[in-house]
Amino acid sequence: MFEKLPTPTIFAHRGSSAHAPENTLAAFELAIRQNADAIELDAKLTADGEVVVFHDPTLDRTTDGSGWVSDHTLAELKELDAGCSFDVNFCGERIPTLAEVFEHVGQDTFINIELTNYRALRNTLPEKVASLIKYHHLQDRVFFSSFNPIALMRAFKMLPQIPSGLLALSGFAGAWARSALGRRVPYRALHPALSDVTPRLIHQQHQRGNRVHVYTVNHPDDINRMFDWQIDGIFTDDPLLARRILDGRPAPEAVV
Ligand code: G3P
Ligand code: MG
């Protein structure tokens with residue numbers, strides 16, 4: 001499936017989250033209008049076992065609710081506003097379910113589903129997400145990523161044809177993911193933090209047949225540097241800016 005992605009791929013991180021409230025349908029639809037190649041979203045389980053799209057473990061930063069997401073039922077989460085804290089023009093945006101995202105934009109873009117079961121490493125999130133992918137027939141349009149290797153292994157077991165990106169924390173905390181230990185996880189792309197990306201790391205991953213998708217790249221100098229280094233993809237909050245930069249660059253030299 002990664003073969004279908006352009007290189008470099010512009011992933012809209014939590015949707016077009018510089019221009020719309022993160023992880024909402026508004027942000028995903030805007031990312032598509034801004035010509036992002038793919039969207040990135042964060043999937044997690046509610047208290048009643050539904051899959052919602054939400055980044056933080058708690059509700060406080062981006063909604064008018066508070067407390068742990070995983071302590072709330074889907075019905076409770078649907079009562080909350082997920083747009084006003086970004087901008088009053090987005091008041092009324094709701095926390096979407098993964099199924100709603102699939103229904104609204106599943107046929108229009110590629111979707112990087114980050115499995116964010118970081119508080120409950122062995123919960124059933126991977127299996128629930130895999131079932132939704134099958135139900136919506138989106139096996140050719142999605143892929144997985146996670147900092148949680150257990151989640152990626154379980155997703156691989158459910159849907160081995162869908163490639164995964166192994167997320168690596170920056171610095172020492174993510175060293176294992178970038179090492180031989182990380183290679184025990186069935187990943188086809190390394191997703192390192194911007195501060196850890198070097199031409200050597202990209203070259204090493206390419207030698208192993210992997211792609212490199214870097215997070216989170218928002219400054220024009222960093223975007224240009226990543227493109228200069230022939231990165232395979234960037235996660236950016238501002239896909240409009242990244243597209244303008246990419247379109248303004250000279251075409252890569254033809255390989256003869
Ligand atoms: O997938 C890249 C990025 O989303 C990982 O970090 O915390 O933004 O989900 P985070
Ligand atoms: Mg994420």
# chains A, B, ... in the order shown; residues from 1 in each chain; ligands from 1
call {"tool": "residues_around", "arguments": {"residues": "Ala193 of chain A", "least_positions_apart": "4", "cutoff": "10 Å", "atoms": "only C-alpha atoms", "output": "list in words"}}
result
Leu167, Ala168, Leu169, Ser170, Gly171, Gly174, Val197, His213, Val214, Tyr215, Thr216, Val217 and Phe235 of chain A
call {"tool": "residues_around", "arguments": {"residues": "segment 46-62 of chain A", "least_positions_apart": "3", "cutoff": "9 Å", "atoms": "only C-alpha atoms", "output": "number ranges by chain"}}
result
A: 14, 21-24, 41-43, 65-74, 77, 81-86, 95-99, 101, 116, 118-119, 124-125, 128-129
call {"tool": "closest_residue", "arguments": {"among": "A:Ile113, A:Ala173, A:Leu30, A:Met226", "to": "ligand 1", "atoms": "only C-alpha atoms and all ligand atoms"}}
result
A:Ile113
call {"tool": "closest_residue", "arguments": {"among": "A:Gly165, A:Pro252, A:Pro126, A:Pro199", "to": "ligand 2", "atoms": "only C-alpha atoms and all ligand atoms"}}
result
A:Gly165
call {"tool": "closest_residue", "arguments": {"among": "A:Arg33, A:Arg154, A:His191, A:Arg183", "to": "Glu127 of chain A", "atoms": "only C-alpha atoms"}}
result
A:Arg154
call {"tool": "select_by_dssp", "arguments": {"residues": "segment 71-248 of chain A", "states": "strand (DSSP E)", "output": "PDB file with N, CA, C and O atoms, in the first residue's frame"}}
result
ATOM      1  N   PHE A 110      -5.727   8.882   1.784  1.00  0.00           N
ATOM      2  CA  PHE A 110      -5.123   7.788   2.551  1.00  0.00           C
ATOM      3  C   PHE A 110      -5.136   8.190   4.029  1.00  0.00           C
ATOM      4  O   PHE A 110      -5.057   9.375   4.354  1.00  0.00           O
ATOM      5  N   ILE A 111      -5.232   7.187   4.893  1.00  0.00           N
ATOM      6  CA  ILE A 111      -5.371   7.492   6.324  1.00  0.00           C
ATOM      7  C   ILE A 111      -4.333   6.733   7.143  1.00  0.00           C
ATOM      8  O   ILE A 111      -4.306   5.494   7.132  1.00  0.00           O
ATOM      9  N   ASN A 112      -3.473   7.486   7.835  1.00  0.00           N
ATOM     10  CA  ASN A 112      -2.551   6.907   8.818  1.00  0.00           C
ATOM     11  C   ASN A 112      -3.283   6.865  10.164  1.00  0.00           C
ATOM     12  O   ASN A 112      -3.570   7.907  10.754  1.00  0.00           O
ATOM     13  N   ILE A 113      -3.581   5.651  10.605  1.00  0.00           N
ATOM     14  CA  ILE A 113      -4.298   5.484  11.871  1.00  0.00           C
ATOM     15  C   ILE A 113      -3.272   5.196  12.958  1.00  0.00           C
ATOM     16  O   ILE A 113      -2.664   4.119  12.983  1.00  0.00           O
ATOM     17  N   GLU A 114      -3.074   6.171  13.841  1.00  0.00           N
ATOM     18  CA  GLU A 114      -2.177   5.934  14.981  1.00  0.00           C
ATOM     19  C   GLU A 114      -2.975   5.234  16.071  1.00  0.00           C
ATOM     20  O   GLU A 114      -4.006   5.745  16.534  1.00  0.00           O
ATOM     21  N   LEU A 115      -2.499   4.067  16.476  1.00  0.00           N
ATOM     22  CA  LEU A 115      -3.140   3.297  17.553  1.00  0.00           C
ATOM     23  C   LEU A 115      -2.587   3.841  18.862  1.00  0.00           C
ATOM     24  O   LEU A 115      -1.434   3.583  19.228  1.00  0.00           O
ATOM     25  N   VAL A 142      -5.588   2.615   4.043  1.00  0.00           N
ATOM     26  CA  VAL A 142      -5.176   2.940   5.410  1.00  0.00           C
ATOM     27  C   VAL A 142      -3.850   2.262   5.751  1.00  0.00           C
ATOM     28  O   VAL A 142      -3.452   1.289   5.097  1.00  0.00           O
ATOM     29  N   PHE A 143      -3.200   2.771   6.750  1.00  0.00           N
ATOM     30  CA  PHE A 143      -2.098   2.050   7.370  1.00  0.00           C
ATOM     31  C   PHE A 143      -2.012   2.441   8.832  1.00  0.00           C
ATOM     32  O   PHE A 143      -2.661   3.380   9.272  1.00  0.00           O
ATOM     33  N   PHE A 144      -1.217   1.642   9.563  1.00  0.00           N
ATOM     34  CA  PHE A 144      -1.145   1.795  11.008  1.00  0.00           C
ATOM     35  C   PHE A 144       0.143   2.498  11.412  1.00  0.00           C
ATOM     36  O   PHE A 144       1.162   2.377  10.733  1.00  0.00           O
ATOM     37  N   SER A 145       0.088   3.175  12.561  1.00  0.00           N
ATOM     38  CA  SER A 145       1.327   3.588  13.216  1.00  0.00           C
ATOM     39  C   SER A 145       1.071   3.562  14.710  1.00  0.00           C
ATOM     40  O   SER A 145      -0.080   3.607  15.164  1.00  0.00           O
ATOM     41  N   SER A 146       2.159   3.476  15.465  1.00  0.00           N
ATOM     42  CA  SER A 146       2.040   3.513  16.927  1.00  0.00           C
ATOM     43  C   SER A 146       3.426   3.576  17.558  1.00  0.00           C
ATOM     44  O   SER A 146       4.411   3.108  16.977  1.00  0.00           O
ATOM     45  N   SER A 164       2.770  -0.895   8.422  1.00  0.00           N
ATOM     46  CA  SER A 164       2.810  -0.119   9.655  1.00  0.00           C
ATOM     47  C   SER A 164       4.018   0.796   9.693  1.00  0.00           C
ATOM     48  O   SER A 164       5.078   0.473   9.149  1.00  0.00           O
ATOM     49  N   GLY A 165       3.853   1.909  10.396  1.00  0.00           N
ATOM     50  CA  GLY A 165       4.968   2.783  10.711  1.00  0.00           C
ATOM     51  C   GLY A 165       5.238   2.707  12.204  1.00  0.00           C
ATOM     52  O   GLY A 165       4.308   2.860  13.007  1.00  0.00           O
ATOM     53  N   LEU A 166       6.480   2.442  12.569  1.00  0.00           N
ATOM     54  CA  LEU A 166       6.850   2.419  13.988  1.00  0.00           C
ATOM     55  C   LEU A 166       7.255   3.822  14.399  1.00  0.00           C
ATOM     56  O   LEU A 166       8.226   4.379  13.860  1.00  0.00           O
ATOM     57  N   LEU A 167       6.499   4.401  15.323  1.00  0.00           N
ATOM     58  CA  LEU A 167       6.818   5.728  15.837  1.00  0.00           C
ATOM     59  C   LEU A 167       7.941   5.620  16.863  1.00  0.00           C
ATOM     60  O   LEU A 167       7.925   4.725  17.719  1.00  0.00           O
ATOM     61  N   ALA A 189       7.835   1.341   7.697  1.00  0.00           N
ATOM     62  CA  ALA A 189       8.295   2.737   7.707  1.00  0.00           C
ATOM     63  C   ALA A 189       8.681   3.083   9.131  1.00  0.00           C
ATOM     64  O   ALA A 189       7.977   2.717  10.072  1.00  0.00           O
ATOM     65  N   LEU A 190       9.803   3.786   9.268  1.00  0.00           N
ATOM     66  CA  LEU A 190      10.146   4.351  10.572  1.00  0.00           C
ATOM     67  C   LEU A 190       9.567   5.756  10.625  1.00  0.00           C
ATOM     68  O   LEU A 190       9.656   6.509   9.646  1.00  0.00           O
ATOM     69  N   HIS A 191       8.942   6.081  11.759  1.00  0.00           N
ATOM     70  CA  HIS A 191       8.388   7.426  11.956  1.00  0.00           C
ATOM     71  C   HIS A 191       9.167   8.108  13.084  1.00  0.00           C
ATOM     72  O   HIS A 191       8.765   8.059  14.247  1.00  0.00           O
ATOM     73  N   ARG A 211      10.526   2.928   4.421  1.00  0.00           N
ATOM     74  CA  ARG A 211      10.374   4.361   4.221  1.00  0.00           C
ATOM     75  C   ARG A 211      10.637   5.095   5.529  1.00  0.00           C
ATOM     76  O   ARG A 211      10.663   4.477   6.592  1.00  0.00           O
ATOM     77  N   VAL A 212      10.808   6.425   5.433  1.00  0.00           N
ATOM     78  CA  VAL A 212      10.956   7.261   6.628  1.00  0.00           C
ATOM     79  C   VAL A 212       9.941   8.399   6.529  1.00  0.00           C
ATOM     80  O   VAL A 212       9.957   9.169   5.566  1.00  0.00           O
ATOM     81  N   HIS A 213       9.038   8.441   7.529  1.00  0.00           N
ATOM     82  CA  HIS A 213       8.030   9.510   7.621  1.00  0.00           C
ATOM     83  C   HIS A 213       8.282  10.245   8.928  1.00  0.00           C
ATOM     84  O   HIS A 213       8.160   9.663  10.005  1.00  0.00           O
ATOM     85  N   VAL A 214       8.623  11.511   8.845  1.00  0.00           N
ATOM     86  CA  VAL A 214       9.081  12.255  10.019  1.00  0.00           C
ATOM     87  C   VAL A 214       7.951  13.103  10.604  1.00  0.00           C
ATOM     88  O   VAL A 214       7.141  13.665   9.875  1.00  0.00           O
ATOM     89  N   GLY A 233       8.252  11.058   3.629  1.00  0.00           N
ATOM     90  CA  GLY A 233       7.001  11.710   4.004  1.00  0.00           C
ATOM     91  C   GLY A 233       7.199  12.572   5.229  1.00  0.00           C
ATOM     92  O   GLY A 233       8.098  12.327   6.043  1.00  0.00           O
ATOM     93  N   ILE A 234       6.365  13.616   5.332  1.00  0.00           N
ATOM     94  CA  ILE A 234       6.381  14.462   6.531  1.00  0.00           C
ATOM     95  C   ILE A 234       4.967  14.527   7.113  1.00  0.00           C
ATOM     96  O   ILE A 234       3.981  14.597   6.380  1.00  0.00           O
ATOM     97  N   PHE A 235       4.892  14.489   8.435  1.00  0.00           N
ATOM     98  CA  PHE A 235       3.655  14.825   9.128  1.00  0.00           C
ATOM     99  C   PHE A 235       3.729  16.311   9.447  1.00  0.00           C
ATOM    100  O   PHE A 235       4.694  16.763  10.080  1.00  0.00           O
ATOM    101  N   THR A 236       2.730  17.045   8.980  1.00  0.00           N
ATOM    102  CA  THR A 236       2.735  18.488   9.213  1.00  0.00           C
ATOM    103  C   THR A 236       1.342  18.966   9.590  1.00  0.00           C
ATOM    104  O   THR A 236       0.344  18.455   9.073  1.00  0.00           O
TER     105      THR A 236
END
call {"tool": "decode", "arguments": {"residues": "segment 164-178 of chain A", "atoms": "all heavy atoms", "output": "compact mmCIF listing (two decimals), in the first residue's frame"}}
result
# COMPACT_ATOMS: atom_id res chain seq x y z
N SER A 164 2.77 -0.89 8.42
CA SER A 164 2.81 -0.12 9.66
C SER A 164 4.02 0.80 9.69
O SER A 164 5.08 0.47 9.15
CB SER A 164 2.92 -1.05 10.86
OG SER A 164 1.68 -1.64 11.14
N GLY A 165 3.85 1.91 10.40
CA GLY A 165 4.97 2.78 10.71
C GLY A 165 5.24 2.71 12.20
O GLY A 165 4.31 2.86 13.01
N LEU A 166 6.48 2.44 12.57
CA LEU A 166 6.85 2.42 13.99
C LEU A 166 7.26 3.82 14.40
O LEU A 166 8.23 4.38 13.86
CB LEU A 166 8.00 1.44 14.23
CG LEU A 166 8.52 1.39 15.67
CD1 LEU A 166 7.43 0.91 16.65
CD2 LEU A 166 9.76 0.49 15.76
N LEU A 167 6.50 4.40 15.32
CA LEU A 167 6.82 5.73 15.84
C LEU A 167 7.94 5.62 16.86
O LEU A 167 7.93 4.73 17.72
CB LEU A 167 5.58 6.34 16.48
CG LEU A 167 4.59 7.02 15.52
CD1 LEU A 167 3.20 7.07 16.14
CD2 LEU A 167 5.07 8.41 15.14
N ALA A 168 8.90 6.54 16.77
CA ALA A 168 10.02 6.56 17.72
C ALA A 168 10.02 7.90 18.43
O ALA A 168 10.03 8.96 17.79
CB ALA A 168 11.34 6.35 16.98
N LEU A 169 9.99 7.85 19.75
CA LEU A 169 10.13 9.08 20.53
C LEU A 169 11.48 9.70 20.24
O LEU A 169 12.42 9.01 19.83
CB LEU A 169 10.00 8.77 22.03
CG LEU A 169 8.61 8.36 22.51
CD1 LEU A 169 8.68 7.76 23.91
CD2 LEU A 169 7.67 9.56 22.50
N SER A 170 11.62 10.99 20.51
CA SER A 170 12.89 11.65 20.23
C SER A 170 13.94 11.26 21.27
O SER A 170 13.61 10.90 22.41
CB SER A 170 12.71 13.17 20.23
OG SER A 170 12.27 13.59 21.50
N GLY A 171 15.18 11.30 20.84
CA GLY A 171 16.31 11.09 21.74
C GLY A 171 16.40 9.70 22.32
O GLY A 171 15.99 8.71 21.70
N PHE A 172 16.89 9.63 23.55
CA PHE A 172 17.18 8.35 24.19
C PHE A 172 15.92 7.48 24.30
O PHE A 172 15.96 6.26 24.10
CB PHE A 172 17.78 8.60 25.57
CG PHE A 172 18.18 7.35 26.28
CD1 PHE A 172 19.26 6.60 25.84
CD2 PHE A 172 17.46 6.91 27.37
CE1 PHE A 172 19.62 5.43 26.48
CE2 PHE A 172 17.81 5.74 28.03
CZ PHE A 172 18.90 5.00 27.58
N ALA A 173 14.78 8.12 24.61
CA ALA A 173 13.54 7.35 24.82
C ALA A 173 13.13 6.56 23.57
O ALA A 173 12.46 5.53 23.68
CB ALA A 173 12.42 8.30 25.23
N GLY A 174 13.52 7.04 22.40
CA GLY A 174 13.13 6.35 21.17
C GLY A 174 14.25 5.53 20.56
O GLY A 174 14.09 4.98 19.46
N ALA A 175 15.37 5.43 21.27
CA ALA A 175 16.54 4.74 20.70
C ALA A 175 16.23 3.29 20.37
O ALA A 175 16.69 2.77 19.35
CB ALA A 175 17.72 4.85 21.66
N TRP A 176 15.45 2.63 21.23
CA TRP A 176 15.16 1.20 20.98
C TRP A 176 14.45 1.02 19.64
O TRP A 176 14.73 0.06 18.91
CB TRP A 176 14.31 0.61 22.12
CG TRP A 176 12.86 1.02 22.06
CD1 TRP A 176 12.29 2.07 22.67
CD2 TRP A 176 11.82 0.37 21.30
NE1 TRP A 176 10.95 2.15 22.35
CE2 TRP A 176 10.64 1.12 21.51
CE3 TRP A 176 11.78 -0.75 20.47
CZ2 TRP A 176 9.43 0.78 20.91
CZ3 TRP A 176 10.56 -1.09 19.87
CH2 TRP A 176 9.41 -0.33 20.10
N ALA A 177 13.52 1.96 19.32
CA ALA A 177 12.74 1.82 18.09
C ALA A 177 13.64 1.96 16.86
O ALA A 177 13.40 1.33 15.83
CB ALA A 177 11.62 2.85 18.06
N ARG A 178 14.68 2.78 17.00
CA ARG A 178 15.57 3.01 15.86
C ARG A 178 16.68 1.96 15.79
O ARG A 178 17.50 1.99 14.88
CB ARG A 178 16.19 4.42 15.96
CG ARG A 178 15.16 5.55 15.97
CD ARG A 178 15.83 6.94 15.92
NE ARG A 178 16.73 7.17 17.04
CZ ARG A 178 16.38 7.74 18.21
NH1 ARG A 178 15.13 8.12 18.39
NH2 ARG A 178 17.26 7.91 19.16
